[in-house]
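Below: one structure, written as C-alpha cells.
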Amino acid sequence: MGRKHHESQINFYLGKGSAIQGEMRFSGQARLDGEFKGRINGQGTLLVGPDAAVEATISATTVIISGWVIGDVTAGERIELKKPGQLKGDVSAPLVVMEEGVVFQGHCHMALSDGDERSSKIKLLSGGPS
C-alpha cells in the first residue's frame with residue numbers, strides 16, 4: 001500500500017500554458033501538460049499529458065506519453081505511448097507498450113538489466129479483434 005499510495009501523488013506538475021527550459025530531476029511522480037525543453041531524470045513515473053510539448057532527453061523508471069515528445073526516452077521498467085501521443089526519438093526499456101493511433105519515429109531497444117531473466121516484450125494494442 002505504501003508504494004502505490006506514494007506513486008499516485010504528483011510531486012511535480014507543469015501546467016498547460018507554462019514553459020520551462022533546463023534540467024528537471026524528480027522522485028515519485030511528475031506530470032507535464034505544458035512545454036519543456038532540456039533534460040529529465042527521474043526515479044518514478046513521468047506522465048506527459050495530451051497537451052504537453054516536450055523536447056528532452058528523458059530517463060525515468062516509467063514513462064507514459066500521451067502528448068508530443070522529441071528526444072530519446074529511457075525507462076528502467078516500461079514506456080507507454082498512448083493515443084494521441086507522438087514520439088520522435090529512440091526508446092529503450094524492458095517493456096514498451098504502444099496503443100493504436102500513436103505516432104512513433106525512431107528505434108526501439110528492449111533490454112533487461114544483467115541477471116534479469118524475464119523476456120523483453122513489445123505490445124501493440126489495437127481496438128480490433130485479436
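Just so we're on the same page: first chain in the C-alpha cells is A, next is B, and so on; residues restart at 1 for each chain, and ligands are numbered from 1 in the order they show up.
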
**Shell around segment 15-32 of chain A at 10 Å using only C-alpha atoms, local window under 5 positions removed, as a count of residues only** = 36

**Message:** When you look at segment 81-93 of chain A with a cut-off of 6 Å (counting only C-alpha atoms), what residues show up, excluding the ones that are within fewer than 5 positions of it in the same chain? I need them as a list of chain:residue names.
**Reply:**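 What passes the distance filter is A:Ile65, A:Ser66, A:Gly67, A:Trp68, A:Val69, A:Ile70, A:Gly71, A:Asp72, A:Val73, A:Thr74, A:Ala75, A:Gly76, A:Met98, A:Glu99, A:Gly101, A:Val102, A:Val103, A:Phe104, A:Gln105, A:Gly106, A:His107, A:Cys108, A:His109, A:Met110.
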
Dump C-alpha atoms for the selected residues as an mmCIF file, in the first residue's frame?
data_model
loop_
_atom_site.group_PDB
_atom_site.id
_atom_site.type_symbol
_atom_site.label_atom_id
_atom_site.label_comp_id
_atom_site.auth_asym_id
_atom_site.auth_seq_id
_atom_site.Cartn_x
_atom_site.Cartn_y
_atom_site.Cartn_z
ATOM 1 C CA ILE A 65 3.407 9.646 -23.164
ATOM 2 C CA SER A 66 0.064 10.990 -24.391
ATOM 3 C CA GLY A 67 1.474 14.252 -25.769
ATOM 4 C CA TRP A 68 4.193 15.365 -28.168
ATOM 5 C CA VAL A 69 7.819 14.386 -27.419
ATOM 6 C CA ILE A 70 11.047 14.882 -29.385
ATOM 7 C CA GLY A 71 14.035 13.154 -27.796
ATOM 8 C CA ASP A 72 15.346 9.817 -26.637
ATOM 9 C CA VAL A 73 13.439 8.084 -23.832
ATOM 10 C CA THR A 74 14.947 5.510 -21.444
ATOM 11 C CA ALA A 75 12.939 3.722 -18.764
ATOM 12 C CA GLY A 76 14.023 1.188 -16.175
ATOM 13 C CA MET A 98 2.041 1.386 -27.944
ATOM 14 C CA GLU A 99 -1.662 1.988 -28.488
ATOM 15 C CA GLY A 101 -3.168 5.587 -33.295
ATOM 16 C CA VAL A 102 0.109 6.834 -31.790
ATOM 17 C CA VAL A 103 2.924 8.187 -33.966
ATOM 18 C CA PHE A 104 6.419 6.796 -33.308
ATOM 19 C CA GLN A 105 9.526 7.643 -35.350
ATOM 20 C CA GLY A 106 12.735 6.118 -34.041
ATOM 21 C CA HIS A 107 14.378 2.931 -32.892
ATOM 22 C CA CYS A 108 13.190 0.678 -30.087
ATOM 23 C CA HIS A 109 15.693 -1.168 -27.899
ATOM 24 C CA MET A 110 14.414 -3.562 -25.256
#

**Request:** From a DSSP pass on the backbone, collect the residues of segment 22-79 of chain A flagged as strand (DSSP E) and hand them back as JSON, numbers by chain.
**Result:** {"A": [22, 23, 24, 25, 26, 27, 28, 29, 30, 31, 32, 35, 36, 37, 38, 39, 40, 41, 42, 43, 44, 45, 46, 47, 48, 53, 54, 55, 56, 57, 58, 59, 60, 61, 62, 63, 64, 65, 68, 69, 70, 73, 74, 75, 76, 77, 78, 79]}
